[in-house]
file target_12.cif (mmCIF, C-alpha atoms (C1' of nucleotides))
data_entry
#
loop_
_atom_site.label_atom_id
_atom_site.label_comp_id
_atom_site.auth_asym_id
_atom_site.auth_seq_id
_atom_site.Cartn_x
_atom_site.Cartn_y
_atom_site.Cartn_z
CA MET A 1 9.66 25.29 -19.08
CA ILE A 2 11.66 22.40 -20.39
CA THR A 3 10.57 19.81 -22.94
CA ILE A 4 11.95 16.32 -23.35
CA GLN A 5 11.26 13.41 -25.68
CA SER A 6 10.81 9.87 -24.40
CA GLU A 7 9.07 6.77 -25.72
CA ASN A 8 9.16 5.09 -22.33
CA PHE A 9 7.61 7.77 -20.20
CA SER A 10 3.93 8.33 -19.53
CA MET A 11 2.66 10.77 -16.93
CA ALA A 12 -0.75 9.12 -17.19
CA GLN A 13 0.65 5.68 -16.44
CA ILE A 14 2.89 6.87 -13.63
CA CYS A 15 -0.14 8.62 -12.17
CA ALA A 16 -2.36 5.55 -12.43
CA SER A 17 0.33 3.14 -11.24
CA GLY A 18 -0.32 4.59 -7.79
CA GLN A 19 3.22 4.91 -6.55
CA ASN A 20 2.46 8.45 -5.57
CA PHE A 21 -0.88 9.52 -4.16
CA ARG A 22 -0.28 13.24 -4.68
CA MET A 23 -0.02 13.16 -8.45
CA GLU A 24 -3.12 13.70 -10.54
CA GLU A 25 -4.41 14.73 -13.91
CA CYS A 26 -5.45 18.35 -13.46
CA GLY A 27 -6.47 19.22 -16.99
CA ASP A 28 -6.23 17.99 -20.54
CA ASN A 29 -2.96 16.02 -20.70
CA ARG A 30 -1.83 18.12 -17.73
CA TYR A 31 -0.52 16.58 -14.53
CA CYS A 32 0.05 18.16 -11.13
CA LEU A 33 2.32 16.85 -8.43
CA VAL A 34 3.57 17.82 -5.00
CA ALA A 35 6.81 16.06 -4.13
CA LEU A 36 10.08 16.79 -2.37
CA GLY A 37 8.55 19.97 -1.02
CA ARG A 38 7.92 21.31 -4.53
CA TYR A 39 4.94 21.77 -6.81
CA LEU A 40 5.25 20.67 -10.42
CA GLU A 41 2.99 20.74 -13.45
CA ALA A 42 3.70 18.86 -16.64
CA VAL A 43 1.95 18.47 -19.98
CA GLN A 44 2.38 15.41 -22.13
CA GLU A 45 1.47 14.98 -25.77
CA GLY A 46 2.67 11.69 -27.16
CA SER A 47 6.35 11.26 -26.51
CA SER A 48 6.80 14.96 -25.80
CA ILE A 49 6.69 16.01 -22.14
CA SER A 50 6.94 19.61 -20.99
CA PHE A 51 7.82 20.27 -17.37
CA ASP A 52 6.87 23.64 -15.97
CA CYS A 53 10.15 24.38 -14.23
CA SER A 54 13.58 25.75 -15.04
CA PRO A 55 16.16 23.55 -16.77
CA GLU A 56 18.24 23.81 -13.60
CA GLU A 57 15.41 22.51 -11.39
CA PHE A 58 14.69 19.77 -13.89
CA ASP A 59 18.31 18.61 -13.91
CA SER A 60 18.82 18.78 -10.17
CA VAL A 61 15.44 17.45 -9.00
CA TRP A 62 12.98 15.97 -11.48
CA LYS A 63 15.34 14.10 -13.78
CA THR A 64 16.26 11.93 -10.82
CA TYR A 65 12.77 11.85 -9.32
CA PHE A 66 11.28 10.39 -12.51
CA ASP A 67 14.26 8.04 -12.93
CA LEU A 68 14.93 9.43 -16.40
CA GLU A 69 18.49 8.19 -16.53
CA THR A 70 17.47 4.54 -16.42
CA ASP A 71 17.02 2.76 -19.75
CA TYR A 72 13.61 1.11 -19.39
CA ALA A 73 13.56 0.00 -23.03
CA ALA A 74 16.61 -2.13 -22.31
CA ILE A 75 14.90 -3.68 -19.30
CA ILE A 76 11.81 -4.47 -21.36
CA SER A 77 13.88 -6.00 -24.14
CA GLY A 78 15.37 -8.33 -21.54
CA ILE A 79 12.01 -9.99 -20.97
CA ASP A 80 11.70 -13.63 -22.00
CA GLN A 81 9.71 -13.44 -25.26
CA THR A 82 8.07 -16.78 -24.61
CA ASP A 83 6.44 -15.17 -21.54
CA LYS A 84 3.48 -13.73 -23.43
CA TYR A 85 1.74 -12.28 -20.39
CA LEU A 86 4.76 -10.37 -19.11
CA THR A 87 5.61 -9.21 -22.62
CA ALA A 88 2.07 -7.88 -23.06
CA ALA A 89 2.09 -6.25 -19.62
CA ALA A 90 5.38 -4.46 -20.28
CA GLU A 91 4.23 -3.28 -23.70
CA TYR A 92 1.02 -1.99 -22.13
CA GLY A 93 2.71 -0.17 -19.24
CA LYS A 94 6.01 0.79 -20.85
CA GLY A 95 5.64 4.41 -19.75
CA ILE A 96 5.83 3.58 -16.07
CA ARG A 97 8.92 4.70 -14.17
CA ILE A 98 9.95 3.68 -10.68
CA LEU A 99 9.93 7.05 -8.96
CA ARG A 100 12.63 8.04 -6.50
CA GLN A 101 10.36 9.42 -3.85
CA ASP A 102 10.84 10.84 -0.38
CA LEU A 103 11.33 8.00 2.09
CA TRP A 104 9.14 9.30 4.90
CA GLU A 105 6.29 10.19 2.56
CA VAL A 106 6.35 6.69 1.09
CA ILE A 107 6.41 5.07 4.52
CA VAL A 108 3.31 6.98 5.59
CA SER A 109 1.50 6.65 2.27
CA PHE A 110 1.84 2.89 2.04
CA LEU A 111 1.16 2.40 5.72
CA ILE A 112 -2.19 4.06 5.05
CA SER A 113 -2.75 2.09 1.85
CA GLN A 114 -3.30 -1.28 3.57
CA GLN A 115 -6.84 -2.68 3.20
CA ASN A 116 -7.79 0.64 1.67
CA ASN A 117 -8.90 2.03 -1.66
CA ILE A 118 -7.13 4.65 -3.74
CA LYS A 119 -9.76 7.32 -3.37
CA ARG A 120 -9.76 7.06 0.38
CA ILE A 121 -5.97 6.87 0.57
CA ARG A 122 -5.75 10.13 -1.36
CA ARG A 123 -8.22 11.76 0.99
CA CYS A 124 -6.31 10.61 4.08
CA ILE A 125 -3.05 11.96 2.71
CA ARG A 126 -4.63 15.25 1.66
CA LEU A 127 -6.00 15.75 5.16
CA LEU A 128 -2.66 14.90 6.75
CA CYS A 129 -0.93 17.42 4.51
CA GLU A 130 -3.51 20.13 5.16
CA ASN A 131 -3.47 19.59 8.92
CA TYR A 132 0.20 18.88 9.55
CA GLY A 133 2.11 20.00 6.46
CA GLU A 134 3.65 23.37 5.80
CA LYS A 135 1.67 25.63 3.51
CA ARG A 136 3.66 26.95 0.59
CA THR A 137 3.18 28.84 -2.65
CA SER A 138 4.86 27.94 -5.91
CA GLN A 139 6.70 30.53 -7.98
CA LYS A 140 3.62 30.90 -10.16
CA GLY A 141 1.35 31.39 -7.18
CA VAL A 142 -0.17 27.95 -6.68
CA ALA A 143 -0.80 27.19 -3.02
CA TYR A 144 0.02 23.70 -1.80
CA PHE A 145 0.85 21.77 1.34
CA ASP A 146 4.15 20.00 1.79
CA PHE A 147 4.09 16.49 3.16
CA PRO A 148 4.24 16.62 6.98
CA THR A 149 7.52 15.75 8.67
CA PRO A 150 7.81 12.93 11.24
CA TYR A 151 8.10 15.61 13.93
CA SER A 152 4.93 17.33 12.85
CA LEU A 153 2.98 14.05 12.67
CA ALA A 154 4.34 12.83 16.00
CA LYS A 155 2.56 15.79 17.62
CA ALA A 156 -0.80 14.39 16.53
CA GLN A 157 -2.78 12.25 18.95
CA VAL A 158 -4.33 9.00 17.77
CA GLU A 159 -7.80 10.57 17.75
CA ASP A 160 -6.52 13.43 15.54
CA LEU A 161 -5.40 10.84 13.01
CA TYR A 162 -8.79 9.14 13.20
CA ALA A 163 -10.26 12.50 12.24
CA CYS A 164 -8.15 12.39 9.08
CA GLY A 165 -9.94 9.17 8.17
CA LEU A 166 -7.11 6.73 8.88
CA GLY A 167 -9.31 4.35 10.84
CA TYR A 168 -7.43 1.56 12.61
CA ARG A 169 -4.21 2.71 10.89
CA SER A 170 -4.20 5.77 13.16
CA ARG A 171 -2.38 3.91 15.92
CA TYR A 172 0.09 2.51 13.40
CA LEU A 173 1.02 5.98 12.15
CA TYR A 174 1.16 7.35 15.69
CA GLU A 175 3.58 4.61 16.73
CA THR A 176 5.69 4.87 13.57
CA ALA A 177 6.02 8.67 13.67
CA ASN A 178 7.09 8.47 17.30
CA SER A 179 9.58 5.69 16.56
CA VAL A 180 11.26 7.94 14.01
CA VAL A 181 11.24 11.01 16.23
CA HIS A 182 12.63 9.06 19.18
CA ASP A 183 15.41 7.60 17.03
CA GLU A 184 14.24 4.04 17.38
CA ILE A 185 14.97 3.82 13.67
CA ASN A 186 17.34 5.97 11.62
CA LEU A 187 15.78 6.50 8.20
CA ASP A 188 18.99 7.93 6.71
CA LYS A 189 20.83 4.69 7.54
CA LEU A 190 18.39 2.69 5.40
CA TRP A 191 20.01 4.08 2.24
CA GLU A 192 23.25 2.29 3.13
CA LEU A 193 21.58 -1.13 3.37
CA ASP A 194 20.80 -3.68 0.70
CA TYR A 195 17.23 -4.80 0.00
CA ASP A 196 16.99 -7.59 2.57
CA ALA A 197 18.58 -5.57 5.37
CA ALA A 198 16.46 -2.48 4.65
CA LYS A 199 13.27 -4.55 4.61
CA LYS A 200 14.22 -6.18 7.90
CA GLU A 201 14.56 -2.73 9.49
CA LEU A 202 11.31 -1.41 8.01
CA VAL A 203 9.11 -4.24 9.29
CA LYS A 204 10.13 -3.29 12.84
CA LEU A 205 7.90 -0.24 12.45
CA CYS A 206 4.31 -0.55 13.62
CA GLY A 207 1.90 -1.07 10.71
CA ILE A 208 4.69 -1.96 8.28
CA GLY A 209 4.53 -5.61 7.21
CA THR A 210 6.24 -7.43 4.38
CA LYS A 211 4.09 -6.01 1.59
CA VAL A 212 4.33 -2.37 2.68
CA ALA A 213 8.05 -2.75 3.39
CA ASP A 214 8.53 -4.00 -0.17
CA CYS A 215 6.64 -0.99 -1.53
CA ILE A 216 8.89 1.32 0.48
CA CYS A 217 12.02 -0.50 -0.70
CA LEU A 218 10.90 -0.19 -4.31
CA CYS A 219 9.27 3.25 -4.44
CA ALA A 220 11.60 5.16 -2.14
CA LEU A 221 14.87 3.28 -1.64
CA HIS A 222 14.81 2.16 -5.30
CA LYS A 223 15.58 -1.42 -4.44
CA THR A 224 14.43 -2.76 -7.80
CA ASP A 225 14.75 -6.35 -6.63
CA ALA A 226 11.86 -5.75 -4.22
CA PHE A 227 8.66 -7.37 -5.51
CA PRO A 228 5.61 -6.27 -3.49
CA LYS A 229 2.92 -8.96 -3.40
CA ASP A 230 -0.48 -7.32 -3.03
CA THR A 231 -3.88 -8.71 -3.85
CA HIS A 232 -3.54 -7.88 -7.57
CA ILE A 233 -0.10 -9.42 -7.95
CA ASN A 234 -1.16 -12.52 -6.06
CA LYS A 235 -3.98 -13.03 -8.55
CA VAL A 236 -1.53 -12.64 -11.43
CA LEU A 237 0.96 -15.03 -9.84
CA SER A 238 -1.58 -17.76 -9.22
CA ALA A 239 -3.12 -17.41 -12.69
CA GLN A 240 0.02 -16.86 -14.79
CA TYR A 241 2.86 -18.28 -12.71
CA PRO A 242 1.55 -21.38 -10.91
CA ASP A 243 5.14 -22.62 -10.60
CA GLY A 244 6.37 -19.27 -9.30
CA PHE A 245 7.64 -16.06 -10.87
CA PRO A 246 11.16 -16.51 -12.35
CA PHE A 247 12.99 -14.18 -9.96
CA GLU A 248 16.28 -15.91 -10.75
CA LYS A 249 15.93 -14.80 -14.37
CA TYR A 250 15.18 -11.16 -13.69
CA GLY A 251 17.06 -10.40 -10.47
CA GLN A 252 17.45 -6.66 -9.99
CA ASN A 253 14.72 -5.93 -12.53
CA SER A 254 12.02 -7.99 -10.79
CA GLY A 255 10.52 -4.97 -9.05
CA ILE A 256 10.16 -3.03 -12.29
CA LEU A 257 8.45 -5.99 -13.92
CA GLN A 258 6.19 -6.21 -10.86
CA GLN A 259 4.97 -2.72 -11.71
CA TYR A 260 4.09 -3.76 -15.25
CA LEU A 261 2.22 -6.82 -13.98
CA PHE A 262 0.41 -4.83 -11.32
CA TYR A 263 -0.61 -2.04 -13.64
CA TYR A 264 -1.68 -4.41 -16.42
CA HIS A 265 -3.89 -6.37 -14.03
CA LEU A 266 -5.26 -3.20 -12.47
CA MET A 267 -6.24 -1.67 -15.81
CA VAL A 268 -7.14 -4.69 -17.92
CA ARG A 269 -8.00 -7.49 -15.44
"C1'" DC B 1 -27.21 -5.57 2.94
"C1'" DA B 2 -22.62 -8.02 2.10
"C1'" DT B 3 -18.22 -7.58 0.35
"C1'" DC B 4 -14.00 -5.49 -0.75
"C1'" DA B 5 -9.98 -2.21 -0.81
"C1'" DG B 6 -2.62 -2.19 -3.11
"C1'" DG B 7 -2.33 -5.99 5.01
"C1'" DC B 8 -1.13 -6.03 9.58
"C1'" DG B 9 -0.88 -7.20 14.58
"C1'" DA B 10 -1.98 -10.26 18.12
"C1'" DG B 11 -2.74 -14.57 19.80
"C1'" DA B 12 -3.08 -19.73 19.28
"C1'" DC B 13 -0.78 -23.73 18.10
"C1'" DG C 1 7.41 -20.67 12.07
"C1'" DT C 2 2.55 -20.82 10.23
"C1'" DC C 3 -2.40 -20.02 10.65
"C1'" DT C 4 -6.51 -17.54 11.88
"C1'" DC C 5 -9.14 -13.62 13.03
"C1'" DG C 6 -10.65 -8.86 13.74
"C1'" DC C 7 -10.17 -4.35 12.07
"C1'" DC C 8 -11.94 1.68 10.38
"C1'" DT C 9 -14.71 3.08 6.73
"C1'" DG C 10 -16.20 4.59 2.08
"C1'" DA C 11 -17.33 2.54 -2.43
"C1'" DT C 12 -19.90 -0.75 -5.06
#

call {"tool": "encode", "arguments": {"input": "target_12.cif", "output": "structure tokens"}}
result
Amino acid sequence: MITIQSENFSMAQICASGQNFRMEECGDNRYCLVALGRYLEAVQEGSSISFDCSPEEFDSVWKTYFDLETDYAAIISGIDQTDKYLTAAAEYGKGIRILRQDLWEVIVSFLISQQNNIKRIRRCIRLLCENYGEKRTSQKGVAYFDFPTPYSLAKAQVEDLYACGLGYRSRYLYETANSVVHDEINLDKLWELDYDAAKKELVKLCGIGTKVADCICLCALHKTDAFPKDTHINKVLSAQYPDGFPFEKYGQNSGILQQYLFYYHLMVR
DNA sequence: CATCAGGCGAGAC
DNA sequence: GTCTCGCCTGAT
């Protein structure tokens, strides 16, 4: 068990921001997560967060995963104060962090997310994990399924993926998993590229368009200049930024601000 | 019963 | 390059 203090960290907000579909509230102020092949529970009360793992695991895995070494308060204070909407959105969602997630898991998760709702996305991913992921047990005896590897998913037939509830996305995942297994794309090489180059590679995959590629750039590759434009953000942009969002002003922080705008619109409307 | 959900691919032009 | 259309399926 290790406890930290942070004003700009909220498990509830990270959970609800929907970057990760395998994180959920599993009790009073308690959150459960499967990521990077590990199972983690955390309890948050105010600015105090207790992670149920050793200090060594926290330092080597979760500190990075939750992006705890980035100063989000500094990013928020860099917001143009005359932009009342963005200021309000950032204040509202200041506990959000841009997670540093597993690349393959994010590719699959956001591929499934298109034209889909959160509840169903979670169900799809759960079924994929149960059917194709490795079953493991945490140190404290909690059973969980790791996220399936590209090799494991490439063994599935399109109809097997239909059975997991993917619908028309089944063919997309089938094609994408096979592209990775057959080395038509090298995922490790994506880390060496900048945002534009990485996005260009990602959209070559079947079922990955500009929006999903941006989500992957932001939520896995941590390209914080990526600014995914989904249905919620498009509504915000047309209502609040008829002349366009000031990307030139925010540069590398645009993607983080996108999360505040997205979350604010999602929760408040 | 219609519409929508954190879009995308294919085809037309 | 830009535009339109159809798409699995559960929730509302």

call {"tool": "resolve_selection", "arguments": {"input": "target_12.cif", "expression": "the PyMOL selection byres ((chain B) within 10 of (chain A))", "output": "NGL selection string"}}
result
:B and (4-9)

call {"tool": "interface_residues", "arguments": {"input": "target_12.cif", "of": "chain C", "to": "chain A", "cutoff": "7 Å", "atoms": "only C-alpha atoms (C1' of nucleotides)", "output": "PyMOL selection string"}}
result
chain C and resi 7-9

call {"tool": "resolve_selection", "arguments": {"input": "target_12.cif", "expression": "the PyMOL selection byres ((chain A and resi 175) around 12)", "output": "ChimeraX atom specification"}}
result
/A:108,111,150,153-158,161,169-174,176-182,184-185,204-208

call {"tool": "atom_distance", "arguments": {"input": "target_12.cif", "atom1": "CA of Asp243 (chain A)", "atom2": "CA of Ile79 (chain A)"}}
result
17.7 Å

call {"tool": "axis_aligned_box", "arguments": {"input": "target_12.cif", "around": "chain C", "padding_each_side": "8 Å", "output": "lines of an AutoDock Vina configuration file"}}
result
center_x = -6.2
center_y = -8.1
center_z = 4.3
size_x = 43.3
size_y = 41.4
size_z = 34.8

call {"tool": "residues_around", "arguments": {"input": "target_12.cif", "residues": "region 222-226 of chain A", "least_positions_apart": "5", "cutoff": "10 Å", "atoms": "all atoms listed in the file", "output": "mmCIF file with C-alpha atoms, in the coordinates of the input"}}
result
data_model
loop_
_atom_site.group_PDB
_atom_site.id
_atom_site.type_symbol
_atom_site.label_atom_id
_atom_site.label_comp_id
_atom_site.auth_asym_id
_atom_site.auth_seq_id
_atom_site.Cartn_x
_atom_site.Cartn_y
_atom_site.Cartn_z
ATOM 1 C CA ASP A 67 14.260 8.040 -12.930
ATOM 2 C CA ILE A 98 9.950 3.680 -10.680
ATOM 3 C CA LEU A 99 9.930 7.050 -8.960
ATOM 4 C CA ARG A 100 12.630 8.040 -6.500
ATOM 5 C CA GLN A 101 10.360 9.420 -3.850
ATOM 6 C CA TRP A 191 20.010 4.080 2.240
ATOM 7 C CA LEU A 193 21.580 -1.130 3.370
ATOM 8 C CA ASP A 194 20.800 -3.680 0.700
ATOM 9 C CA TYR A 195 17.230 -4.800 0.000
ATOM 10 C CA ASP A 196 16.990 -7.590 2.570
ATOM 11 C CA ALA A 198 16.460 -2.480 4.650
ATOM 12 C CA LYS A 199 13.270 -4.550 4.610
ATOM 13 C CA LYS A 211 4.090 -6.010 1.590
ATOM 14 C CA ALA A 213 8.050 -2.750 3.390
ATOM 15 C CA ASP A 214 8.530 -4.000 -0.170
ATOM 16 C CA CYS A 215 6.640 -0.990 -1.530
ATOM 17 C CA ILE A 216 8.890 1.320 0.480
ATOM 18 C CA CYS A 217 12.020 -0.500 -0.700
ATOM 19 C CA PHE A 247 12.990 -14.180 -9.960
ATOM 20 C CA TYR A 250 15.180 -11.160 -13.690
ATOM 21 C CA GLY A 251 17.060 -10.400 -10.470
ATOM 22 C CA GLN A 252 17.450 -6.660 -9.990
ATOM 23 C CA ASN A 253 14.720 -5.930 -12.530
ATOM 24 C CA SER A 254 12.020 -7.990 -10.790
ATOM 25 C CA GLY A 255 10.520 -4.970 -9.050
ATOM 26 C CA ILE A 256 10.160 -3.030 -12.290
ATOM 27 C CA LEU A 257 8.450 -5.990 -13.920
ATOM 28 C CA GLN A 258 6.190 -6.210 -10.860
#

call {"tool": "closest_residue", "arguments": {"input": "target_12.cif", "among": "A:Phe145, A:Trp104, A:Tyr264, A:Phe9", "to": "Ser47 (chain A)", "atoms": "all atoms listed in the file"}}
result
A:Phe9
